[in-house]
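target-v9.pdb, holding PDB, C-alpha atoms:
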```pdb
MODEL        1
ATOM      1  CA  MET A   1     -63.341   5.969  18.056
ATOM      2  CA  ASP A   2     -62.135   4.309  21.265
ATOM      3  CA  GLY A   3     -58.742   3.315  19.717
ATOM      4  CA  SER A   4     -59.560  -0.369  19.513
ATOM      5  CA  GLY A   5     -57.821  -0.509  16.166
ATOM      6  CA  ASP A   6     -54.452   0.258  17.832
ATOM      7  CA  CYS A   7     -53.772  -2.078  20.791
ATOM      8  CA  SER A   8     -50.461  -0.473  21.808
ATOM      9  CA  ALA A   9     -50.003   2.553  23.895
ATOM     10  CA  PRO A  10     -48.823   5.665  22.203
ATOM     11  CA  GLY A  11     -45.156   5.366  23.470
ATOM     12  CA  ALA A  12     -44.843   1.639  22.874
ATOM     13  CA  SER A  13     -44.014   1.944  19.203
ATOM     14  CA  GLN A  14     -41.103   4.175  19.863
ATOM     15  CA  ARG A  15     -39.806   1.893  22.620
ATOM     16  CA  ASP A  16     -40.041  -1.186  20.353
ATOM     17  CA  GLN A  17     -38.164   0.485  17.576
ATOM     18  CA  SER A  18     -35.347   1.535  19.880
ATOM     19  CA  ALA A  19     -35.017  -2.027  21.216
ATOM     20  CA  ARG A  20     -34.655  -3.592  17.780
ATOM     21  CA  PRO A  21     -31.094  -3.991  16.393
ATOM     22  CA  LYS A  22     -30.177  -1.499  13.817
ATOM     23  CA  CYS A  23     -28.971  -2.586  10.373
ATOM     24  CA  PRO A  24     -25.246  -1.776  10.152
ATOM     25  CA  GLY A  25     -24.011   0.600   7.555
ATOM     26  CA  PRO A  26     -21.329  -0.151   4.909
ATOM     27  CA  ALA A  27     -18.406   1.178   6.998
ATOM     28  CA  GLU A  28     -19.469  -0.753  10.071
ATOM     29  CA  THR A  29     -19.900  -3.920   8.014
ATOM     30  CA  LYS A  30     -16.280  -3.797   6.806
ATOM     31  CA  SER A  31     -15.001  -3.188  10.324
ATOM     32  CA  ARG A  32     -16.885  -6.171  11.701
ATOM     33  CA  CYS A  33     -15.752  -8.472   8.887
ATOM     34  CA  ARG A  34     -12.137  -7.505   9.454
ATOM     35  CA  SER A  35     -12.308  -8.163  13.165
ATOM     36  CA  ARG A  36     -13.953 -11.563  12.590
ATOM     37  CA  SER A  37     -11.232 -12.481  10.103
ATOM     38  CA  HIS A  38      -8.477 -11.705  12.625
ATOM     39  CA  ALA A  39     -10.277 -13.597  15.327
ATOM     40  CA  ALA A  40     -10.629 -16.651  13.091
ATOM     41  CA  ALA A  41      -6.932 -16.553  12.201
ATOM     42  CA  GLY A  42      -5.993 -16.612  15.832
ATOM     43  CA  PRO A  43      -3.003 -14.957  17.532
ATOM     44  CA  GLY A  44       0.286 -15.125  15.663
ATOM     45  CA  ARG A  45      -1.297 -16.195  12.358
ATOM     46  CA  ARG A  46      -1.478 -14.235   9.134
ATOM     47  CA  THR A  47      -4.447 -14.272   6.837
ATOM     48  CA  MET A  48      -4.074 -15.023   3.186
ATOM     49  CA  GLY A  49      -5.157 -11.502   2.362
ATOM     50  CA  ALA A  50      -2.508 -10.015   4.650
ATOM     51  CA  SER A  51       0.230 -12.265   3.226
ATOM     52  CA  ALA A  52      -0.754 -11.486  -0.317
ATOM     53  CA  SER A  53      -0.804  -7.771   0.426
ATOM     54  CA  LYS A  54       2.816  -7.932   1.620
ATOM     55  CA  GLY A  55       3.950 -10.144  -1.303
ATOM     56  CA  ARG A  56       5.319 -12.964   0.912
ATOM     57  CA  ALA A  57       4.085 -16.539   1.098
ATOM     58  CA  ALA A  58       3.477 -18.203   4.414
ATOM     59  CA  ARG A  59       6.442 -20.261   5.644
ATOM     60  CA  VAL A  60       6.121 -24.020   5.473
ATOM     61  CA  PRO A  61       8.579 -25.978   7.705
ATOM     62  CA  ALA A  62      10.910 -28.247   5.705
ATOM     63  CA  PRO A  63      10.581 -31.950   6.434
ATOM     64  CA  GLN A  64      13.441 -33.286   8.514
ATOM     65  CA  SER A  65      15.393 -36.085   6.811
ATOM     66  CA  GLN A  66      15.924 -39.245   8.766
ATOM     67  CA  PRO A  67      19.592 -40.407   9.141
ATOM     68  CA  ALA A  68      20.398 -43.257   6.778
ATOM     69  CA  GLU A  69      21.293 -46.544   8.385
ATOM     70  CA  GLY A  70      24.978 -47.505   7.809
ATOM     71  CA  LEU A  71      25.803 -50.586   5.784
ATOM     72  CA  ASP A  72      27.109 -53.408   7.963
ATOM     73  CA  LEU A  73      29.702 -55.153   5.775
ATOM     74  CA  SER A  74      29.990 -57.989   8.271
ATOM     75  CA  ARG A  75      26.567 -59.179   7.101
ATOM     76  CA  LEU A  76      27.841 -59.794   3.577
ATOM     77  CA  PRO A  77      28.662 -63.346   2.492
ATOM     78  CA  PRO A  78      32.430 -64.043   2.732
ATOM     79  CA  GLU A  79      32.833 -64.250  -1.053
ATOM     80  CA  LEU A  80      31.216 -60.838  -1.572
ATOM     81  CA  LEU A  81      33.148 -59.286   1.317
ATOM     82  CA  LEU A  82      36.400 -60.509  -0.258
ATOM     83  CA  THR A  83      35.429 -58.837  -3.528
ATOM     84  CA  VAL A  84      34.736 -55.549  -1.739
ATOM     85  CA  LEU A  85      38.007 -55.636   0.226
ATOM     86  CA  SER A  86      40.010 -56.472  -2.912
ATOM     87  CA  HIS A  87      39.414 -52.874  -4.081
ATOM     88  CA  VAL A  88      40.911 -51.385  -0.901
ATOM     89  CA  PRO A  89      44.621 -50.320  -1.082
ATOM     90  CA  PRO A  90      46.936 -52.929   0.508
ATOM     91  CA  ARG A  91      48.329 -50.423   2.995
ATOM     92  CA  VAL A  92      44.826 -49.665   4.306
ATOM     93  CA  LEU A  93      44.010 -53.378   4.520
ATOM     94  CA  LEU A  94      47.095 -54.047   6.632
ATOM     95  CA  ARG A  95      47.016 -50.908   8.785
ATOM     96  CA  ARG A  96      43.262 -50.471   9.362
ATOM     97  CA  CYS A  97      40.960 -53.180   8.043
ATOM     98  CA  ARG A  98      42.931 -55.903   9.795
ATOM     99  CA  LEU A  99      42.121 -54.257  13.144
ATOM    100  CA  VAL A 100      38.324 -54.111  12.661
ATOM    101  CA  CYS A 101      37.444 -57.560  13.992
ATOM    102  CA  ARG A 102      38.649 -61.155  14.103
ATOM    103  CA  GLY A 103      36.787 -62.053  10.922
ATOM    104  CA  TRP A 104      38.413 -59.280   8.918
ATOM    105  CA  ARG A 105      41.805 -60.086  10.413
ATOM    106  CA  ALA A 106      41.444 -63.687   9.237
ATOM    107  CA  LEU A 107      40.641 -62.480   5.715
ATOM    108  CA  VAL A 108      43.618 -60.076   5.600
ATOM    109  CA  ASP A 109      45.991 -62.709   7.009
ATOM    110  CA  GLY A 110      44.821 -65.326   4.504
ATOM    111  CA  GLN A 111      45.825 -65.976   0.898
ATOM    112  CA  ALA A 112      42.512 -65.641  -0.938
ATOM    113  CA  LEU A 113      42.219 -61.852  -0.647
ATOM    114  CA  TRP A 114      45.736 -61.173  -1.942
ATOM    115  CA  LEU A 115      45.446 -63.647  -4.813
ATOM    116  CA  LEU A 116      42.258 -61.843  -5.815
ATOM    117  CA  ILE A 117      44.116 -58.517  -5.776
ATOM    118  CA  LEU A 118      46.982 -59.886  -7.887
ATOM    119  CA  ALA A 119      44.491 -61.359 -10.386
ATOM    120  CA  GLN A 120      43.217 -57.851 -11.158
ATOM    121  CA  ASP A 121      46.320 -57.226 -13.311
ATOM    122  CA  HIS A 122      45.389 -58.768 -16.661
ATOM    123  CA  SER A 123      48.633 -57.836 -18.447
ATOM    124  CA  ALA A 124      51.132 -60.481 -19.523
ATOM    125  CA  THR A 125      53.451 -59.417 -16.686
ATOM    126  CA  GLY A 126      50.605 -59.585 -14.189
ATOM    127  CA  ARG A 127      49.554 -63.064 -15.301
ATOM    128  CA  ALA A 128      53.167 -64.296 -15.107
ATOM    129  CA  LEU A 129      53.534 -62.834 -11.619
ATOM    130  CA  LEU A 130      50.304 -64.452 -10.421
ATOM    131  CA  SER A 131      51.421 -67.818 -11.795
ATOM    132  CA  LEU A 132      54.775 -67.466 -10.014
ATOM    133  CA  VAL A 133      53.167 -66.503  -6.711
ATOM    134  CA  ARG A 134      50.704 -69.425  -6.851
ATOM    135  CA  SER A 135      53.606 -71.844  -7.330
ATOM    136  CA  CYS A 136      55.547 -70.454  -4.345
ATOM    137  CA  LEU A 137      52.903 -70.048  -1.655
ATOM    138  CA  PRO A 138      53.860 -70.926   1.941
ATOM    139  CA  PRO A 139      52.377 -74.125   3.431
ATOM    140  CA  ALA A 140      48.632 -73.865   4.013
ATOM    141  CA  GLY A 141      48.974 -74.732   7.719
ATOM    142  CA  ASP A 142      51.351 -71.853   8.440
ATOM    143  CA  THR A 143      50.032 -69.855  11.407
ATOM    144  CA  LYS A 144      51.879 -66.670  10.442
ATOM    145  CA  PRO A 145      50.110 -63.954   8.409
ATOM    146  CA  CYS A 146      50.355 -64.612   4.681
ATOM    147  CA  PRO A 147      53.444 -62.835   3.226
ATOM    148  CA  LEU A 148      51.404 -61.798   0.194
ATOM    149  CA  GLY A 149      50.157 -58.805   2.164
ATOM    150  CA  ARG A 150      53.603 -57.229   2.399
ATOM    151  CA  PHE A 151      54.342 -58.370  -1.144
ATOM    152  CA  CYS A 152      51.307 -56.484  -2.515
ATOM    153  CA  GLU A 153      52.079 -53.444  -0.380
ATOM    154  CA  ARG A 154      55.788 -53.146  -1.225
ATOM    155  CA  ARG A 155      55.624 -54.390  -4.853
ATOM    156  CA  PRO A 156      59.255 -55.580  -4.901
ATOM    157  CA  ILE A 157      59.169 -57.167  -8.380
ATOM    158  CA  GLY A 158      60.424 -54.728 -11.013
ATOM    159  CA  ARG A 159      61.125 -51.932  -8.519
ATOM    160  CA  ASN A 160      64.549 -50.469  -7.710
ATOM    161  CA  LEU A 161      65.315 -51.619  -4.160
ATOM    162  CA  ILE A 162      68.195 -49.141  -3.733
ATOM    163  CA  CYS A 163      67.065 -46.105  -1.735
ATOM    164  CA  ASN A 164      68.267 -42.631  -2.713
ATOM    165  CA  PRO A 165      70.154 -43.864  -5.816
ATOM    166  CA  CYS A 166      71.163 -40.420  -7.121
ATOM    167  CA  GLY A 167      71.820 -38.470  -3.949
ATOM    168  CA  GLN A 168      68.561 -36.540  -4.222
ATOM    169  CA  GLU A 169      68.273 -37.003  -0.443
ATOM    170  CA  GLY A 170      71.911 -36.363   0.380
ATOM    171  CA  LEU A 171      73.647 -39.409   1.876
ATOM    172  CA  ARG A 172      70.471 -40.809   3.451
ATOM    173  CA  LYS A 173      70.250 -44.651   3.593
ATOM    174  CA  TRP A 174      73.912 -45.074   2.626
ATOM    175  CA  MET A 175      76.689 -46.361   4.879
ATOM    176  CA  VAL A 176      79.613 -44.165   3.897
ATOM    177  CA  GLN A 177      83.359 -44.104   4.417
ATOM    178  CA  HIS A 178      84.826 -40.722   3.550
ATOM    179  CA  GLY A 179      88.299 -40.536   2.029
ATOM    180  CA  GLY A 180      90.087 -37.259   1.299
ATOM    181  CA  ASP A 181      87.445 -34.562   1.537
ATOM    182  CA  GLY A 182      84.654 -37.131   1.469
ATOM    183  CA  TRP A 183      81.523 -37.618  -0.612
ATOM    184  CA  VAL A 184      79.381 -34.714  -1.821
ATOM    185  CA  VAL A 185      76.323 -34.468  -4.084
ATOM    186  CA  GLU A 186      76.469 -32.383  -7.290
ATOM    187  CA  ASN A 187      74.472 -31.994 -10.497
ATOM    188  CA  ASN A 188      75.282 -34.328 -13.374
ATOM    189  CA  MET A 189      77.586 -32.998 -16.083
ATOM    190  CA  THR A 190      76.152 -35.558 -18.535
ATOM    191  CA  THR A 191      72.488 -36.590 -18.628
ATOM    192  CA  VAL A 192      71.896 -40.104 -17.303
ATOM    193  CA  PRO A 193      68.849 -41.700 -19.015
ATOM    194  CA  GLY A 194      66.092 -42.987 -16.758
ATOM    195  CA  ALA A 195      67.541 -41.538 -13.572
ATOM    196  CA  PRO A 196      64.998 -40.252 -11.026
ATOM    197  CA  SER A 197      67.223 -37.218 -10.450
ATOM    198  CA  GLN A 198      70.047 -35.679 -12.485
ATOM    199  CA  THR A 199      72.374 -35.546  -9.480
ATOM    200  CA  CYS A 200      75.318 -37.729  -8.460
ATOM    201  CA  PHE A 201      77.697 -38.609  -5.628
ATOM    202  CA  VAL A 202      81.214 -37.231  -6.167
ATOM    203  CA  ALA A 203      84.335 -38.777  -4.569
ATOM    204  CA  SER A 204      87.548 -37.077  -3.504
ATOM    205  CA  PHE A 205      91.317 -37.636  -3.889
ATOM    206  CA  SER A 206      91.368 -40.758  -1.644
ATOM    207  CA  TRP A 207      89.115 -43.787  -1.947
ATOM    208  CA  CYS A 208      85.550 -42.982  -0.847
ATOM    209  CA  ARG A 209      83.253 -45.947  -0.158
ATOM    210  CA  LYS A 210      79.456 -46.189  -0.043
ATOM    211  CA  LYS A 211      77.224 -49.202   0.716
ATOM    212  CA  GLN A 212      73.663 -50.446   1.141
ATOM    213  CA  VAL A 213      72.559 -53.874   2.395
ATOM    214  CA  LEU A 214      69.069 -54.839   1.214
ATOM    215  CA  ASP A 215      66.882 -57.173   3.290
ATOM    216  CA  LEU A 216      64.872 -59.018   0.620
ATOM    217  CA  GLU A 217      62.264 -60.338   3.060
ATOM    218  CA  GLU A 218      61.749 -56.846   4.464
ATOM    219  CA  GLU A 219      61.195 -55.633   0.906
ATOM    220  CA  GLY A 220      58.247 -58.033   0.524
ATOM    221  CA  LEU A 221      59.760 -61.266  -0.800
ATOM    222  CA  TRP A 222      59.515 -64.533   1.140
ATOM    223  CA  PRO A 223      61.730 -67.667   1.415
ATOM    224  CA  GLU A 224      59.685 -69.947  -0.884
ATOM    225  CA  LEU A 225      59.797 -67.318  -3.643
ATOM    226  CA  LEU A 226      63.487 -66.514  -3.160
ATOM    227  CA  ASP A 227      64.388 -70.218  -3.284
ATOM    228  CA  SER A 228      62.138 -71.038  -6.248
ATOM    229  CA  GLY A 229      64.839 -70.542  -8.889
ATOM    230  CA  LYS A 230      62.304 -68.468 -10.870
ATOM    231  CA  ILE A 231      63.644 -64.984 -10.173
ATOM    232  CA  GLU A 232      66.653 -62.950 -11.284
ATOM    233  CA  ILE A 233      68.448 -60.014  -9.673
ATOM    234  CA  HIS A 234      69.485 -57.243 -12.075
ATOM    235  CA  VAL A 235      72.251 -54.874 -10.969
ATOM    236  CA  SER A 236      73.217 -51.561 -12.578
ATOM    237  CA  ASP A 237      75.428 -48.571 -11.736
ATOM    238  CA  TRP A 238      76.528 -45.414 -13.590
ATOM    239  CA  TRP A 239      79.928 -43.806 -13.129
ATOM    240  CA  GLY A 240      81.961 -41.120 -14.892
ATOM    241  CA  ALA A 241      84.430 -38.279 -14.561
ATOM    242  CA  ARG A 242      84.588 -34.530 -14.998
ATOM    243  CA  HIS A 243      86.436 -33.260 -18.049
ATOM    244  CA  ASP A 244      89.493 -31.811 -16.278
ATOM    245  CA  SER A 245      90.217 -34.770 -13.966
ATOM    246  CA  GLY A 246      90.488 -38.528 -14.376
ATOM    247  CA  CYS A 247      89.037 -41.008 -11.850
ATOM    248  CA  ARG A 248      88.977 -44.591 -10.620
ATOM    249  CA  TYR A 249      85.924 -46.700  -9.759
ATOM    250  CA  ARG A 250      85.078 -50.112  -8.282
ATOM    251  CA  LEU A 251      81.836 -52.039  -7.753
ATOM    252  CA  LEU A 252      81.105 -55.101  -5.582
ATOM    253  CA  VAL A 253      77.673 -56.774  -5.290
ATOM    254  CA  GLN A 254      77.200 -59.818  -3.039
ATOM    255  CA  LEU A 255      74.282 -62.169  -2.431
ATOM    256  CA  LEU A 256      74.154 -63.156   1.252
ATOM    257  CA  ASP A 257      72.278 -65.757   3.282
ATOM    258  CA  ALA A 258      70.506 -65.115   6.583
ATOM    259  CA  GLY A 259      73.846 -65.279   8.423
ATOM    260  CA  GLN A 260      75.511 -62.806   5.994
ATOM    261  CA  THR A 261      77.578 -65.559   4.369
ATOM    262  CA  VAL A 262      78.446 -64.775   0.734
ATOM    263  CA  LEU A 263      76.657 -67.137  -1.680
ATOM    264  CA  ASP A 264      77.461 -65.309  -4.936
ATOM    265  CA  LYS A 265      79.116 -62.056  -6.006
ATOM    266  CA  PHE A 266      79.902 -59.758  -8.914
ATOM    267  CA  SER A 267      82.750 -57.267  -9.030
ATOM    268  CA  ALA A 268      83.850 -54.695 -11.595
ATOM    269  CA  VAL A 269      87.167 -52.829 -11.670
ATOM    270  CA  PRO A 270      87.182 -50.951 -14.988
ATOM    271  CA  ASP A 271      90.184 -49.060 -16.298
ATOM    272  CA  PRO A 272      90.531 -45.518 -14.955
ATOM    273  CA  ILE A 273      89.147 -42.624 -16.971
ATOM    274  CA  GLU A 274      91.889 -40.274 -18.125
ATOM    275  CA  GLN A 275      91.981 -36.512 -17.750
ATOM    276  CA  TRP A 276      90.397 -34.368 -20.518
ATOM    277  CA  ASN A 277      87.647 -36.904 -21.162
ATOM    278  CA  ASN A 278      84.708 -34.734 -22.303
ATOM    279  CA  ASN A 279      82.670 -35.613 -19.139
ATOM    280  CA  VAL A 280      82.354 -39.251 -20.199
ATOM    281  CA  CYS A 281      80.205 -41.699 -18.220
ATOM    282  CA  PHE A 282      79.608 -45.479 -18.347
ATOM    283  CA  GLN A 283      77.055 -48.015 -17.139
ATOM    284  CA  VAL A 284      77.981 -51.270 -15.403
ATOM    285  CA  THR A 285      75.363 -54.047 -15.438
ATOM    286  CA  HIS A 286      75.062 -57.647 -14.254
ATOM    287  CA  VAL A 287      72.280 -60.246 -13.895
ATOM    288  CA  PHE A 288      72.275 -62.889 -11.156
ATOM    289  CA  SER A 289      70.384 -65.877 -12.596
ATOM    290  CA  ASN A 290      70.057 -69.432 -11.267
ATOM    291  CA  ILE A 291      70.150 -67.943  -7.786
ATOM    292  CA  LYS A 292      71.247 -70.348  -5.073
ATOM    293  CA  MET A 293      68.872 -71.304  -2.289
ATOM    294  CA  GLY A 294      69.165 -69.314   0.901
ATOM    295  CA  VAL A 295      69.729 -65.807  -0.505
ATOM    296  CA  ARG A 296      68.157 -63.266   1.872
ATOM    297  CA  PHE A 297      70.279 -60.099   1.471
ATOM    298  CA  VAL A 298      71.982 -58.138  -1.297
ATOM    299  CA  SER A 299      75.067 -56.063  -0.465
ATOM    300  CA  PHE A 300      75.743 -53.219  -2.942
ATOM    301  CA  GLU A 301      79.037 -51.363  -2.527
ATOM    302  CA  HIS A 302      81.116 -49.047  -4.708
ATOM    303  CA  TRP A 303      84.235 -46.870  -4.444
ATOM    304  CA  GLY A 304      85.588 -43.812  -6.222
ATOM    305  CA  GLN A 305      88.536 -41.396  -6.260
ATOM    306  CA  ASP A 306      90.272 -38.985  -8.651
ATOM    307  CA  THR A 307      93.595 -39.543 -10.429
ATOM    308  CA  GLN A 308      95.000 -36.039  -9.936
ATOM    309  CA  PHE A 309      94.962 -36.139  -6.128
ATOM    310  CA  TRP A 310      93.507 -32.662  -6.006
ATOM    311  CA  ALA A 311      91.932 -31.314  -2.821
ATOM    312  CA  GLY A 312      88.182 -31.036  -3.149
ATOM    313  CA  HIS A 313      85.854 -33.254  -5.149
ATOM    314  CA  TYR A 314      87.245 -34.267  -8.545
ATOM    315  CA  GLY A 315      86.839 -38.051  -8.239
ATOM    316  CA  ALA A 316      84.422 -40.586  -9.689
ATOM    317  CA  ARG A 317      80.843 -39.444 -10.125
ATOM    318  CA  VAL A 318      78.404 -42.295  -9.381
ATOM    319  CA  THR A 319      74.629 -42.256  -9.769
ATOM    320  CA  ASN A 320      71.424 -44.172 -10.574
ATOM    321  CA  SER A 321      72.495 -47.343  -8.760
ATOM    322  CA  SER A 322      69.880 -50.090  -8.929
ATOM    323  CA  VAL A 323      69.063 -53.598  -7.699
ATOM    324  CA  ILE A 324      65.876 -54.957  -9.321
ATOM    325  CA  VAL A 325      64.278 -58.375  -8.811
ATOM    326  CA  GLN A 326      62.602 -59.729 -11.979
ATOM    327  CA  VAL A 327      60.700 -62.876 -12.896
ATOM    328  CA  SER A 328      62.935 -65.226 -14.894
ATOM    329  CA  GLN A 329      62.007 -65.584 -18.533
ATOM    330  CA  PRO A 330      61.176 -69.173 -19.556
TER     331      PRO A 330
ENDMDL
END
```

Would you encode the structure as structure tokens?
Amino acid sequence: MDGSGDCSAPGASQRDQSARPKCPGPAETKSRCRSRSHAAAGPGRRTMGASASKGRAARVPAPQSQPAEGLDLSRLPPELLLTVLSHVPPRVLLRRCRLVCRGWRALVDGQALWLLILAQDHSATGRALLSLVRSCLPPAGDTKPCPLGRFCERRPIGRNLICNPCGQEGLRKWMVQHGGDGWVVENNMTTVPGAPSQTCFVASFSWCRKKQVLDLEEEGLWPELLDSGKIEIHVSDWWGARHDSGCRYRLLVQLLDAGQTVLDKFSAVPDPIEQWNNNVCFQVTHVFSNIKMGVRFVSFEHWGQDTQFWAGHYGARVTNSSVIVQVSQP
């Protein structure tokens, strides 16, 4: 045969077989698949298989919250803004809110806001107070800030206007004149009901005097209310002696006008307490009603001394002094 049945040369078959790609084995197949997987994931990325093998999930960045836009109260209608401000403490309204802008200052200086605050007290006392205030408002054209702001802040109706009534702060707020060995503060020997502190001022062997002058307008009242004839001023004072020494006591309360002229007064000079008295104590009270027009100050003054003239502090023991403005009962 001339070999026509085989067209290729004898070495061609071997050369063709070597040029053909070989089929990869199982081990090589795994290696190539792994390398392709890493290449597809890219640098710095983990494949799901790798994350699962380590037991940790891929991190997903948390969405960043956008800052909420603040509420601009100045956009509220005036009626709604008044309602919102009526729930703010009076001190904050006067010290902070009034300084925000001209619009807020006008609201704080006006009457409507404070009448709304007073109307929140639905008790019988609150309704009577609101009725009294409405009847005594300053003239509408008054350019000064409405006095109701200070009135709501200080709350002078029904509150004791005497500062440091029991000596719990020493002699602070009192104008004193020391006689003998002067005033000192001691614990009560007899319980005084309703006192903010069971302490008292003790006098010596010569007359000791103590005084406070109360500015009623500074306390939150205003001329139209003071001159309305619809308020009363209640005065009270407690005094007593220690068991082994008698004492003397005097009280003088005066209602003064703006020039410190006396318009009305009350005085008490009770009999002295004798020695060996079982630590007795008494209360002195008085009510100023039908108050004259022009009252702007209250002067509260009392004296004390002992009857044995002993050195030290054996004189009158005074405490729980009070001056309280009340609405007159019809």

**Request:** Could you tell me which residues the PyMOL selection byres ((chain A and resi 299) around 7) returns for this structure, as a ChimeraX atom specification?
**Result:** /A:212-214,253-255,297-298,300-301

**Asked** Where does the PyMOL selection byres ((chain A and resi 226-241) around 7) land in this file, that is, which residues does it pick, as a ChimeraX atom specification?
**Response** /A:136,221-225,242-243,245-247,273,279-291,293-295,315-328

**Request:** For CA of Gln168 (chain A) and CA of Val184 (chain A), quote the distance in Å rounded to one decimal.
**Result:**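 Straight-line distance from CA of Gln168 (chain A) to CA of Val184 (chain A) works out to 11.2 Å.
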
**Asked** Once the PyMOL selection byres ((chain A and resi 94-103) around 10) has been applied to the shown file, what residues remain in the selection, as JSON, numbers by chain?
**Response** {"A": [74, 78, 85, 88, 89, 90, 91, 92, 93, 104, 105, 106, 107, 108, 109, 149, 150, 153]}

Keeping C-alpha atoms for every residue in the selection just given, could you write it to a file as a PDB file, in the frame of the given file?
```pdb
ATOM      1  CA  SER A  74      29.990 -57.989   8.271  1.00  0.00           C
ATOM      2  CA  PRO A  78      32.430 -64.043   2.732  1.00  0.00           C
ATOM      3  CA  LEU A  85      38.007 -55.636   0.226  1.00  0.00           C
ATOM      4  CA  VAL A  88      40.911 -51.385  -0.901  1.00  0.00           C
ATOM      5  CA  PRO A  89      44.621 -50.320  -1.082  1.00  0.00           C
ATOM      6  CA  PRO A  90      46.936 -52.929   0.508  1.00  0.00           C
ATOM      7  CA  ARG A  91      48.329 -50.423   2.995  1.00  0.00           C
ATOM      8  CA  VAL A  92      44.826 -49.665   4.306  1.00  0.00           C
ATOM      9  CA  LEU A  93      44.010 -53.378   4.520  1.00  0.00           C
ATOM     10  CA  TRP A 104      38.413 -59.280   8.918  1.00  0.00           C
ATOM     11  CA  ARG A 105      41.805 -60.086  10.413  1.00  0.00           C
ATOM     12  CA  ALA A 106      41.444 -63.687   9.237  1.00  0.00           C
ATOM     13  CA  LEU A 107      40.641 -62.480   5.715  1.00  0.00           C
ATOM     14  CA  VAL A 108      43.618 -60.076   5.600  1.00  0.00           C
ATOM     15  CA  ASP A 109      45.991 -62.709   7.009  1.00  0.00           C
ATOM     16  CA  GLY A 149      50.157 -58.805   2.164  1.00  0.00           C
ATOM     17  CA  ARG A 150      53.603 -57.229   2.399  1.00  0.00           C
ATOM     18  CA  GLU A 153      52.079 -53.444  -0.380  1.00  0.00           C
TER      19      GLU A 153
END
```

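Within 8 Å of the point (89.1, -41.2, -6.8), and counting only C-alpha atoms, the protein, DNA and RNA residues are Ala203, Ser204, Phe205, Ser206, Trp207, Cys208, Cys247, Arg248, Tyr249, Trp303, Gly304, Gln305, Asp306, Thr307, Phe309, Tyr314, Gly315 and Ala316 of chain A.
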
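CA of Trp183 (chain A) to CA of Arg250 (chain A) spans 15.1 Å [interatomic distance, one decimal].
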
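CA of Asn187 (chain A) to CA of Asn278 (chain A) spans 15.9 Å [interatomic distance, one decimal].
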